[in-house]
$ cat final28.pdb   # PDB, C-alpha atoms (C1' of nucleotides)
ATOM      1  CA  MET A   1     124.347 113.436  94.538
ATOM      2  CA  PRO A   2     125.591 115.672  97.272
ATOM      3  CA  GLU A   3     128.279 113.759  99.129
ATOM      4  CA  LEU A   4     131.071 115.017 101.364
ATOM      5  CA  PRO A   5     132.858 117.214  98.764
ATOM      6  CA  GLU A   6     129.622 118.829  97.605
ATOM      7  CA  VAL A   7     128.406 119.601 101.134
ATOM      8  CA  GLU A   8     131.875 120.836 102.094
ATOM      9  CA  THR A   9     131.815 123.157  99.073
ATOM     10  CA  ILE A  10     128.444 124.538 100.105
ATOM     11  CA  LYS A  11     129.718 124.983 103.653
ATOM     12  CA  ARG A  12     132.785 126.953 102.564
ATOM     13  CA  GLN A  13     130.881 129.101 100.094
ATOM     14  CA  LEU A  14     128.059 129.879 102.516
ATOM     15  CA  THR A  15     130.580 130.754 105.210
ATOM     16  CA  ARG A  16     132.066 133.335 102.878
ATOM     17  CA  GLU A  17     128.688 134.732 101.830
ATOM     18  CA  ILE A  18     126.231 134.645 104.701
ATOM     19  CA  LEU A  19     128.152 134.331 107.958
ATOM     20  CA  GLY A  20     126.998 137.008 110.400
ATOM     21  CA  LYS A  21     123.903 137.843 108.354
ATOM     22  CA  LYS A  22     120.447 138.017 109.845
ATOM     23  CA  ILE A  23     117.512 135.944 108.606
ATOM     24  CA  LYS A  24     114.664 138.370 107.949
ATOM     25  CA  GLU A  25     111.970 136.082 106.598
ATOM     26  CA  VAL A  26     111.287 132.387 105.961
ATOM     27  CA  ILE A  27     108.962 131.161 103.216
ATOM     28  CA  ILE A  28     108.026 127.492 103.344
ATOM     29  CA  ILE A  29     106.777 126.277  99.982
ATOM     30  CA  LYS A  30     107.124 122.522 100.464
ATOM     31  CA  LYS A  31     106.005 121.763 104.005
ATOM     32  CA  LYS A  32     107.234 118.213 103.844
ATOM     33  CA  LEU A  33     110.855 119.350 103.887
ATOM     34  CA  VAL A  34     110.591 120.742 107.413
ATOM     35  CA  LYS A  35     110.702 117.842 109.834
ATOM     36  CA  GLU A  36     109.198 117.458 113.275
ATOM     37  CA  ILE A  37     107.948 120.979 113.898
ATOM     38  CA  SER A  38     105.180 123.013 112.335
ATOM     39  CA  PRO A  39     106.005 125.659 109.706
ATOM     40  CA  GLN A  40     104.709 128.345 112.057
ATOM     41  CA  ILE A  41     106.991 127.408 114.938
ATOM     42  CA  PHE A  42     109.908 126.943 112.547
ATOM     43  CA  LYS A  43     109.419 130.434 111.149
ATOM     44  CA  SER A  44     108.909 132.098 114.498
ATOM     45  CA  LYS A  45     112.111 130.604 115.889
ATOM     46  CA  VAL A  46     114.306 131.297 112.854
ATOM     47  CA  VAL A  47     113.213 134.788 111.839
ATOM     48  CA  GLY A  48     115.344 137.513 113.368
ATOM     49  CA  LYS A  49     118.287 135.246 114.195
ATOM     50  CA  PHE A  50     121.881 135.867 113.139
ATOM     51  CA  ILE A  51     123.966 133.188 111.424
ATOM     52  CA  LYS A  52     126.869 132.445 113.744
ATOM     53  CA  GLU A  53     128.648 129.478 112.190
ATOM     54  CA  ILE A  54     128.366 126.937 109.379
ATOM     55  CA  LEU A  55     129.475 123.366 109.909
ATOM     56  CA  ARG A  56     129.461 120.013 108.134
ATOM     57  CA  ARG A  57     129.280 116.456 109.456
ATOM     58  CA  GLY A  58     129.234 113.725 106.820
ATOM     59  CA  LYS A  59     126.712 114.838 104.220
ATOM     60  CA  VAL A  60     124.876 117.052 106.710
ATOM     61  CA  LEU A  61     125.130 120.843 106.695
ATOM     62  CA  ILE A  62     124.623 122.643 109.982
ATOM     63  CA  ILE A  63     123.914 126.347 110.359
ATOM     64  CA  LYS A  64     124.363 127.620 113.887
ATOM     65  CA  LEU A  65     122.065 130.465 114.809
ATOM     66  CA  GLU A  66     122.007 132.528 117.962
ATOM     67  CA  GLU A  67     120.873 131.050 121.238
ATOM     68  CA  ARG A  68     122.124 127.492 120.649
ATOM     69  CA  LEU A  69     119.723 126.948 117.803
ATOM     70  CA  PHE A  70     120.822 124.890 114.810
ATOM     71  CA  LEU A  71     119.397 124.478 111.323
ATOM     72  CA  ILE A  72     120.190 121.010 110.020
ATOM     73  CA  PHE A  73     120.069 120.391 106.265
ATOM     74  CA  HIS A  74     120.214 117.042 104.520
ATOM     75  CA  LEU A  75     120.089 117.361 100.740
ATOM     76  CA  ARG A  76     119.563 113.618 100.143
ATOM     77  CA  ILE A  77     119.345 113.059  96.388
ATOM     78  CA  SER A  78     118.120 116.144  94.635
ATOM     79  CA  GLY A  79     118.458 118.932  97.173
ATOM     80  CA  SER A  80     120.521 122.053  96.660
ATOM     81  CA  LEU A  81     121.178 125.146  98.698
ATOM     82  CA  ILE A  82     121.778 128.208  96.566
ATOM     83  CA  LEU A  83     121.865 131.983  96.616
ATOM     84  CA  SER A  84     120.272 132.170  93.186
ATOM     85  CA  ASN A  85     116.815 131.069  92.105
ATOM     86  CA  CYS A  86     115.810 127.412  92.041
ATOM     87  CA  LYS A  87     115.297 125.789  88.684
ATOM     88  CA  GLU A  88     111.652 125.639  87.622
ATOM     89  CA  ASP A  89     109.312 125.041  90.537
ATOM     90  CA  PHE A  90     111.844 123.291  92.720
ATOM     91  CA  ALA A  91     111.878 125.905  95.467
ATOM     92  CA  GLY A  92     111.266 124.249  98.803
ATOM     93  CA  VAL A  93     112.130 126.678 101.568
ATOM     94  CA  VAL A  94     113.400 130.231 101.130
ATOM     95  CA  PHE A  95     115.393 132.216 103.709
ATOM     96  CA  ARG A  96     115.426 135.964 103.116
ATOM     97  CA  LEU A  97     118.463 137.629 104.618
ATOM     98  CA  ALA A  98     118.596 141.152 106.022
ATOM     99  CA  ASP A  99     120.268 142.373 102.820
ATOM    100  CA  ASP A 100     117.343 140.863 100.840
ATOM    101  CA  ARG A 101     119.372 138.099  99.268
ATOM    102  CA  LEU A 102     117.553 134.748  99.173
ATOM    103  CA  LEU A 103     119.004 131.477 100.351
ATOM    104  CA  ASN A 104     116.955 128.831  98.551
ATOM    105  CA  PHE A 105     116.599 125.202  99.515
ATOM    106  CA  CYS A 106     115.585 123.612  96.210
ATOM    107  CA  ASP A 107     114.513 119.995  95.910
ATOM    108  CA  ALA A 108     112.862 118.335  92.929
ATOM    109  CA  ARG A 109     112.240 114.974  94.577
ATOM    110  CA  VAL A 110     111.455 116.304  98.048
ATOM    111  CA  PHE A 111     113.575 113.706  99.849
ATOM    112  CA  GLY A 112     115.646 116.358 101.564
ATOM    113  CA  GLU A 113     115.058 117.538 105.086
ATOM    114  CA  ILE A 114     115.467 120.558 107.295
ATOM    115  CA  ARG A 115     115.398 120.389 111.069
ATOM    116  CA  LEU A 116     115.617 122.947 113.807
ATOM    117  CA  ILE A 117     117.173 121.667 116.971
ATOM    118  CA  ASP A 118     119.037 122.941 120.012
ATOM    119  CA  ASP A 119     121.651 120.212 120.199
ATOM    120  CA  TRP A 120     122.600 118.837 116.800
ATOM    121  CA  GLN A 121     125.149 116.429 118.182
ATOM    122  CA  GLU A 122     122.352 114.565 119.933
ATOM    123  CA  LEU A 123     120.445 113.827 116.716
ATOM    124  CA  PRO A 124     120.379 110.006 116.535
ATOM    125  CA  PHE A 125     121.570 109.746 112.942
ATOM    126  CA  ILE A 126     124.432 112.148 113.616
ATOM    127  CA  LYS A 127     125.364 110.431 116.850
ATOM    128  CA  ALA A 128     125.539 107.114 115.037
ATOM    129  CA  MET A 129     127.784 108.423 112.260
ATOM    130  CA  GLY A 130     131.179 106.917 111.618
ATOM    131  CA  PRO A 131     134.364 108.988 111.477
ATOM    132  CA  GLU A 132     135.126 111.679 108.933
ATOM    133  CA  PRO A 133     137.308 110.085 106.250
ATOM    134  CA  LEU A 134     139.564 113.140 106.047
ATOM    135  CA  ASP A 135     140.294 112.936 109.786
ATOM    136  CA  LEU A 136     141.600 109.368 109.726
ATOM    137  CA  ASN A 137     145.193 108.306 109.346
ATOM    138  CA  LYS A 138     146.082 105.117 107.488
ATOM    139  CA  LYS A 139     146.195 102.998 110.627
ATOM    140  CA  GLN A 140     142.815 104.175 111.905
ATOM    141  CA  PHE A 141     141.282 103.659 108.470
ATOM    142  CA  ILE A 142     142.545 100.095 108.178
ATOM    143  CA  LYS A 143     141.265  99.235 111.652
ATOM    144  CA  LEU A 144     137.693 100.040 110.591
ATOM    145  CA  PHE A 145     137.665  97.026 108.278
ATOM    146  CA  GLU A 146     138.558  94.445 110.911
ATOM    147  CA  GLY A 147     135.907  91.756 111.161
ATOM    148  CA  LYS A 148     133.612  93.380 108.589
ATOM    149  CA  LYS A 149     132.030  90.782 106.372
ATOM    150  CA  ALA A 150     130.157  93.221 104.157
ATOM    151  CA  LYS A 151     131.096  93.938 100.557
ATOM    152  CA  VAL A 152     133.524  96.797 100.482
ATOM    153  CA  LYS A 153     131.552  99.183  98.277
ATOM    154  CA  PRO A 154     128.275  99.174 100.222
ATOM    155  CA  LEU A 155     130.371  99.334 103.397
ATOM    156  CA  LEU A 156     132.186 102.496 102.311
ATOM    157  CA  MET A 157     128.808 104.106 101.674
ATOM    158  CA  GLU A 158     127.391 103.178 105.044
ATOM    159  CA  GLN A 159     127.227 106.363 107.106
ATOM    160  CA  LYS A 160     127.600 104.478 110.384
ATOM    161  CA  PHE A 161     130.868 103.085 109.074
ATOM    162  CA  LEU A 162     132.298 106.197 107.452
ATOM    163  CA  ALA A 163     130.594 109.582 107.201
ATOM    164  CA  GLY A 164     130.085 111.400 103.918
ATOM    165  CA  VAL A 165     130.991 108.824 101.270
ATOM    166  CA  GLY A 166     128.248 108.044  98.758
ATOM    167  CA  ASN A 167     127.791 106.165  95.527
ATOM    168  CA  ILE A 168     130.070 108.249  93.336
ATOM    169  CA  TYR A 169     133.160 108.570  95.497
ATOM    170  CA  ALA A 170     132.998 104.974  96.757
ATOM    171  CA  GLN A 171     133.204 103.756  93.171
ATOM    172  CA  GLU A 172     135.871 106.193  92.082
ATOM    173  CA  SER A 173     138.049 105.301  95.076
ATOM    174  CA  LEU A 174     137.780 101.565  94.454
ATOM    175  CA  PHE A 175     138.678 101.994  90.808
ATOM    176  CA  CYS A 176     141.667 104.105  91.790
ATOM    177  CA  ALA A 177     142.749 101.430  94.280
ATOM    178  CA  GLY A 178     142.156  98.524  91.881
ATOM    179  CA  VAL A 179     139.787  96.781  94.296
ATOM    180  CA  HIS A 180     136.626  95.021  93.120
ATOM    181  CA  PRO A 181     133.525  96.571  94.742
ATOM    182  CA  GLU A 182     132.225  93.165  95.857
ATOM    183  CA  ARG A 183     135.308  92.100  97.808
ATOM    184  CA  ARG A 184     134.534  91.099 101.383
ATOM    185  CA  ALA A 185     135.935  93.874 103.552
ATOM    186  CA  ASP A 186     137.870  91.687 105.993
ATOM    187  CA  LYS A 187     139.491  89.762 103.138
ATOM    188  CA  ILE A 188     141.149  92.824 101.661
ATOM    189  CA  LYS A 189     144.895  92.891 102.162
ATOM    190  CA  ARG A 190     146.601  95.593 104.176
ATOM    191  CA  GLY A 191     148.353  97.057 101.146
ATOM    192  CA  GLU A 192     145.068  97.296  99.286
ATOM    193  CA  LEU A 193     143.389  99.029 102.224
ATOM    194  CA  GLU A 194     146.244 101.502 102.260
ATOM    195  CA  LYS A 195     145.564 102.170  98.606
ATOM    196  CA  ILE A 196     141.830 102.618  99.195
ATOM    197  CA  HIS A 197     142.622 105.090 101.956
ATOM    198  CA  HIS A 198     145.040 107.042  99.818
ATOM    199  CA  CYS A 199     142.666 107.067  96.845
ATOM    200  CA  LEU A 200     139.633 108.067  98.880
ATOM    201  CA  VAL A 201     141.431 110.932 100.602
ATOM    202  CA  SER A 202     143.018 112.291  97.443
ATOM    203  CA  ILE A 203     139.805 112.004  95.418
ATOM    204  CA  LEU A 204     137.720 113.720  98.116
ATOM    205  CA  LYS A 205     140.279 116.533  98.375
ATOM    206  CA  GLU A 206     140.498 116.963  94.622
ATOM    207  CA  ALA A 207     136.701 117.003  94.355
ATOM    208  CA  ILE A 208     136.509 119.676  97.063
ATOM    209  CA  LYS A 209     139.126 121.708  95.209
ATOM    210  CA  ARG A 210     136.970 121.521  92.059
ATOM    211  CA  LYS A 211     133.815 122.366  93.997
ATOM    212  CA  GLY A 212     132.055 119.045  93.661
ATOM    213  CA  THR A 213     130.556 116.736  91.053
ATOM    214  CA  SER A 214     127.343 117.639  89.213
ATOM    215  CA  VAL A 215     126.058 114.466  87.635
ATOM    216  CA  ASP A 216     122.555 115.377  88.695
ATOM    217  CA  THR A 217     121.051 118.399  90.427
ATOM    218  CA  TYR A 218     123.926 119.389  92.716
ATOM    219  CA  ARG A 219     124.984 123.025  92.292
ATOM    220  CA  GLN A 220     127.383 125.434  93.947
ATOM    221  CA  ILE A 221     125.660 128.206  95.872
ATOM    222  CA  ASN A 222     125.909 130.531  92.860
ATOM    223  CA  GLY A 223     123.969 127.969  90.795
ATOM    224  CA  ASN A 224     126.977 126.766  88.799
ATOM    225  CA  LYS A 225     127.792 123.106  88.363
ATOM    226  CA  GLY A 226     130.662 121.443  90.190
ATOM    227  CA  LYS A 227     133.796 120.976  88.121
ATOM    228  CA  TYR A 228     134.924 117.518  89.185
ATOM    229  CA  THR A 229     132.535 115.735  86.792
ATOM    230  CA  PRO A 230     135.028 115.436  83.874
ATOM    231  CA  PHE A 231     137.494 113.717  86.206
ATOM    232  CA  LEU A 232     135.201 110.776  86.982
ATOM    233  CA  LYS A 233     136.833 107.581  85.755
ATOM    234  CA  VAL A 234     134.113 104.956  86.117
ATOM    235  CA  TYR A 235     130.892 106.547  87.314
ATOM    236  CA  GLN A 236     128.285 106.531  84.525
ATOM    237  CA  ARG A 237     130.816 105.229  82.004
ATOM    238  CA  GLU A 238     129.158 101.875  81.294
ATOM    239  CA  ASN A 239     130.556 100.170  78.173
ATOM    240  CA  ARG A 240     133.069 102.927  77.605
ATOM    241  CA  PRO A 241     136.729 101.860  77.617
ATOM    242  CA  CYS A 242     138.566 101.748  80.934
ATOM    243  CA  LEU A 243     141.016 104.635  81.062
ATOM    244  CA  ASN A 244     143.773 102.225  82.103
ATOM    245  CA  CYS A 245     143.237  99.096  80.017
ATOM    246  CA  LYS A 246     140.415  99.835  77.546
ATOM    247  CA  THR A 247     138.224  96.985  78.852
ATOM    248  CA  PRO A 248     134.590  98.151  78.737
ATOM    249  CA  ILE A 249     133.439  99.491  82.101
ATOM    250  CA  LYS A 250     130.797  97.267  83.651
ATOM    251  CA  ARG A 251     127.685  98.285  85.521
ATOM    252  CA  GLU A 252     126.201  95.948  88.097
ATOM    253  CA  LEU A 253     123.703  96.235  90.897
ATOM    254  CA  ILE A 254     125.697  95.795  94.106
ATOM    255  CA  GLY A 255     123.795  96.074  97.349
ATOM    256  CA  GLY A 256     120.914  97.389  95.287
ATOM    257  CA  ARG A 257     122.898 100.320  93.901
ATOM    258  CA  GLY A 258     124.202 100.906  90.433
ATOM    259  CA  THR A 259     127.941 100.274  90.522
ATOM    260  CA  TYR A 260     130.477 100.906  87.782
ATOM    261  CA  PHE A 261     133.872  99.245  87.720
ATOM    262  CA  CYS A 262     136.549  97.832  85.466
ATOM    263  CA  PRO A 263     136.363  94.018  85.578
ATOM    264  CA  HIS A 264     140.013  93.815  84.517
ATOM    265  CA  CYS A 265     141.681  96.448  86.720
ATOM    266  CA  GLN A 266     139.588  95.838  89.832
ATOM    267  CA  ARG A 267     140.067  92.482  91.500
TER     268      ARG A 267
ATOM    269  C1'  DA B   1     125.323  90.241 111.826
ATOM    270  C1'  DA B   2     124.451  91.027 107.286
ATOM    271  C1'  DT B   3     121.647  91.348 103.384
ATOM    272  C1'  DG B   4     117.515  92.350 100.704
ATOM    273  C1'  DG B   5     113.522  94.700  99.631
ATOM    274  C1'  DG B   6     110.143  98.412 100.135
ATOM    275  C1'  DA B   7     109.029 103.126 100.924
ATOM    276  C1'  DC B   8     109.689 107.865 100.086
ATOM    277  C1'  DC B   9     109.266 111.116  95.221
ATOM    278  C1'  DT B  10     109.563 112.815  90.635
ATOM    279  C1'  DG B  11     112.396 114.156  86.453
ATOM    280  C1'  DC B  12     114.015 112.056  82.777
ATOM    281  C1'  DG B  13     115.459 108.531  79.464
ATOM    282  C1'  DC B  14     113.989 105.028  76.793
ATOM    283  C1'  DG B  15     111.042 102.291  73.892
ATOM    284  C1'  DC B  16     107.330 102.110  70.976
TER     285       DC B  16
ATOM    286  C1'  DT C   1     106.587 113.636  67.570
ATOM    287  C1'  DG C   2     104.343 112.162  71.623
ATOM    288  C1'  DC C   3     103.149 109.219  75.225
ATOM    289  C1'  DG C   4     103.736 106.303  79.196
ATOM    290  C1'  DC C   5     106.403 103.302  81.841
ATOM    291  C1'  DG C   6     109.985 102.467  85.079
ATOM    292  C1'  DC C   7     114.549 103.601  86.719
ATOM    293  C1'  DA C   8     117.727 106.212  89.909
ATOM    294  C1'  DG C   9     119.180 107.669  94.210
ATOM    295  C1'  DG C  10     120.300 108.305 100.195
ATOM    296  C1'  DT C  11     118.496 106.677 104.112
ATOM    297  C1'  DC C  12     115.466 104.447 107.152
ATOM    298  C1'  DC C  13     112.666 100.579 108.364
ATOM    299  C1'  DC C  14     111.266  95.921 108.349
ATOM    300  C1'  DA C  15     111.960  91.014 107.327
ATOM    301  C1'  DT C  16     114.664  87.144 106.624
TER     302       DT C  16
END
$ encode --input "final28.pdb" --output "structure tokens"
Amino acid sequence: MPELPEVETIKRQLTREILGKKIKEVIIIKKKLVKEISPQIFKSKVVGKFIKEILRRGKVLIIKLEERLFLIFHLRISGSLILSNCKEDFAGVVFRLADDRLLNFCDARVFGEIRLIDDWQELPFIKAMGPEPLDLNKKQFIKLFEGKKAKVKPLLMEQKFLAGVGNIYAQESLFCAGVHPERRADKIKRGELEKIHHCLVSILKEAIKRKGTSVDTYRQINGNKGKYTPFLKVYQRENRPCLNCKTPIKRELIGGRGTYFCPHCQR
DNA sequence: AATGGGACCTGCGCGC
DNA sequence: TGCGCGCAGGTCCCAT
């Protein structure tokens, strides 16, 4: 699933490839992906505009066009944003650039969304977002957990709490820190929170360096898979031996989400 | 306040 | 081998 490292990868790669380019044509194949405005208005506003800047906030990718106009992309579960063709019939929305290259928004499950807005920071779900995990120091990170009764794993994934962390990196960080995913957040000791912080930051950075994790449909903009996948230690490793202690990795539904952890190493 | 379940959607894995 | 069922997943919304 595209989480912070995957969206950050897309942001960096798109910045290198399409910054300053002009959008010549827009083809909307799956209407449902474009939220709030009609395909006609969307097209008429986007066509002819230059790409001025590419940003990321949490799992959201933001393309700044001319005239204070922003394209907002959320890939949700199965979305991808690539400069090569979509797999099969997964093409959702296609942006043709002035040099005739195609930026494709592909989405098999059609949960993704594209918006066009003049002030992205005012979007309610962006306004409500918690801090960026890579911008927090240890002290600020620890403070977030004060008085939180929720289980730590669902809490880490909550975008209002912390922006950009999803199912994969929440689990990997907790395994790294040796903390059980069901621990009540405000009962976790200071030293353990420090570990979670350190693990989360280093895992996110390493995943960005390797251009993301492709357990599902996520791809780099050239269509290649992310290269962090082989470094996953618990995710999708049910019944396989823990890399630390050989205890079989357990899978449980926690907060309604599949969660993998080592019942021996994580307490 | 926090948790749980449903809705959205469809490819794919599994069981038969 | 082929079919059909139901899971998975991020987020929002509603109910408890």
$ resolve_selection --input "final28.pdb" --expression "the PyMOL selection byres ((chain A) within 8 of (chain C))" --output "list in words"
Met1, Arg76 and Ile77 of chain A
$ resolve_selection --input "final28.pdb" --expression "the PyMOL selection byres ((chain A) within 7 of (chain B))" --output "short mmCIF file (atom, residue, chain, number, x, y, z; two decimals) with C-alpha atoms, in the coordinates of the input"
data_model
loop_
_atom_site.label_atom_id
_atom_site.label_comp_id
_atom_site.auth_asym_id
_atom_site.auth_seq_id
_atom_site.Cartn_x
_atom_site.Cartn_y
_atom_site.Cartn_z
CA ALA A 108 112.86 118.34 92.93
CA ARG A 109 112.24 114.97 94.58
CA VAL A 110 111.46 116.30 98.05
CA PHE A 111 113.58 113.71 99.85
CA ALA A 150 130.16 93.22 104.16
#
$ resolve_selection --input "final28.pdb" --expression "the PyMOL selection byres ((chain A and resi 216) around 9)" --output "list in words"
Met1, Ile77, Ser78, Thr213, Ser214, Val215, Thr217, Tyr218 and Arg219 of chain A
$ closest_residue --input "final28.pdb" --among "A:Cys262, A:Ile114, A:Ile10, A:Val152" --to "Ile54 of chain A" --atoms "only C-alpha atoms"
A:Ile10
$ residues_around --input "final28.pdb" --residues "Glu88 of chain A" --least-positions-apart "2" --cutoff "12 Å" --atoms "all atoms listed in the file" --output "MDAnalysis selection string"
(chainID A and resid 85:86 90:92 106:108) or (chainID B and resid 11)
$ axis_aligned_box --input "final28.pdb" --around "segment 1-13 of chain B" --padding-each-side "5 Å" --output "lines of an AutoDock Vina configuration file"
center_x = 117.2
center_y = 102.2
center_z = 95.6
size_x = 26.3
size_y = 33.9
size_z = 42.4
$ atom_distance --input "final28.pdb" --atom1 "atom CA of Arg251 of chain A" --atom2 "atom CA of Pro230 of chain A"
18.7 Å
$ atom_distance --input "final28.pdb" --atom1 "atom CA of Val93 of chain A" --atom2 "atom CA of Leu19 of chain A"
18.9 Å
$ residues_around --input "final28.pdb" --residues "His74 of chain A" --least-positions-apart "2" --cutoff "6 Å" --atoms "all atoms listed in the file" --output "ChimeraX atom specification"
/A:60,76,112-113
$ write_last_selection --input "final28.pdb" --atoms "C-alpha atoms" --output "PDB file, in the coordinates of the input"
ATOM      1  CA  VAL A  60     124.876 117.052 106.710  1.00  0.00           C
ATOM      2  CA  ARG A  76     119.563 113.618 100.143  1.00  0.00           C
ATOM      3  CA  GLY A 112     115.646 116.358 101.564  1.00  0.00           C
ATOM      4  CA  GLU A 113     115.058 117.538 105.086  1.00  0.00           C
TER       5      GLU A 113
END
$ residues_around --input "final28.pdb" --residues "Leu14 of chain A" --least-positions-apart "6" --cutoff "9 Å" --atoms "all atoms listed in the file" --output "mmCIF file with C-alpha atoms, in the coordinates of the input"
data_model
loop_
_atom_site.group_PDB
_atom_site.id
_atom_site.type_symbol
_atom_site.label_atom_id
_atom_site.label_comp_id
_atom_site.auth_asym_id
_atom_site.auth_seq_id
_atom_site.Cartn_x
_atom_site.Cartn_y
_atom_site.Cartn_z
ATOM 1 C CA ILE A 54 128.366 126.937 109.379
ATOM 2 C CA ILE A 82 121.778 128.208 96.566
ATOM 3 C CA LEU A 83 121.865 131.983 96.616
ATOM 4 C CA ILE A 221 125.660 128.206 95.872
#
$ atom_distance --input "final28.pdb" --atom1 "atom CA of Leu200 of chain A" --atom2 "atom CA of Cys245 of chain A"
21.2 Å
$ build_atoms --input "final28.pdb" --residues "segment 237-244 of chain A" --atoms "all heavy atoms" --output "compact mmCIF listing (two decimals), in the frame of the given file"
# COMPACT_ATOMS: atom_id res chain seq x y z
N ARG A 237 130.05 105.47 83.24
CA ARG A 237 130.82 105.23 82.00
C ARG A 237 130.61 103.80 81.50
O ARG A 237 131.51 103.22 80.88
CB ARG A 237 132.30 105.51 82.25
CG ARG A 237 132.60 107.00 82.50
CD ARG A 237 134.08 107.33 82.40
NE ARG A 237 134.58 107.20 81.04
CZ ARG A 237 135.42 106.26 80.63
NH1 ARG A 237 135.86 105.34 81.44
NH2 ARG A 237 135.82 106.23 79.37
N GLU A 238 129.43 103.25 81.72
CA GLU A 238 129.16 101.88 81.29
C GLU A 238 129.47 101.68 79.81
O GLU A 238 129.11 102.52 78.98
CB GLU A 238 127.68 101.53 81.53
CG GLU A 238 127.39 100.06 81.30
CD GLU A 238 125.92 99.72 81.55
OE1 GLU A 238 125.11 100.63 81.64
OE2 GLU A 238 125.63 98.52 81.65
N ASN A 239 130.18 100.58 79.53
CA ASN A 239 130.56 100.17 78.17
C ASN A 239 131.62 101.05 77.51
O ASN A 239 132.10 100.72 76.42
CB ASN A 239 129.34 100.09 77.24
CG ASN A 239 128.39 98.99 77.67
OD1 ASN A 239 128.84 97.97 78.20
ND2 ASN A 239 127.11 99.19 77.46
N ARG A 240 131.98 102.12 78.17
CA ARG A 240 133.07 102.93 77.60
C ARG A 240 134.40 102.34 78.07
O ARG A 240 134.48 101.68 79.10
CB ARG A 240 132.92 104.39 78.02
CG ARG A 240 131.67 105.01 77.38
CD ARG A 240 131.40 106.40 77.87
NE ARG A 240 132.46 107.33 77.58
CZ ARG A 240 132.56 108.54 78.15
NH1 ARG A 240 131.67 108.93 79.03
NH2 ARG A 240 133.56 109.33 77.82
N PRO A 241 135.47 102.53 77.28
CA PRO A 241 136.73 101.86 77.62
C PRO A 241 137.34 102.36 78.92
O PRO A 241 137.36 103.56 79.17
CB PRO A 241 137.63 102.20 76.42
CG PRO A 241 137.01 103.39 75.78
CD PRO A 241 135.54 103.29 76.03
N CYS A 242 137.84 101.41 79.71
CA CYS A 242 138.57 101.75 80.93
C CYS A 242 139.74 102.64 80.57
O CYS A 242 140.44 102.40 79.58
CB CYS A 242 139.07 100.47 81.59
SG CYS A 242 140.27 100.77 82.92
N LEU A 243 139.96 103.67 81.38
CA LEU A 243 141.02 104.64 81.06
C LEU A 243 142.41 104.05 81.26
O LEU A 243 143.40 104.61 80.81
CB LEU A 243 140.83 105.91 81.89
CG LEU A 243 139.52 106.67 81.57
CD1 LEU A 243 139.27 107.77 82.59
CD2 LEU A 243 139.53 107.24 80.16
N ASN A 244 142.48 102.89 81.94
CA ASN A 244 143.77 102.22 82.10
C ASN A 244 144.01 101.16 81.04
O ASN A 244 145.09 101.08 80.48
CB ASN A 244 143.85 101.52 83.47
CG ASN A 244 144.04 102.50 84.60
OD1 ASN A 244 144.47 103.63 84.38
ND2 ASN A 244 143.71 102.06 85.80
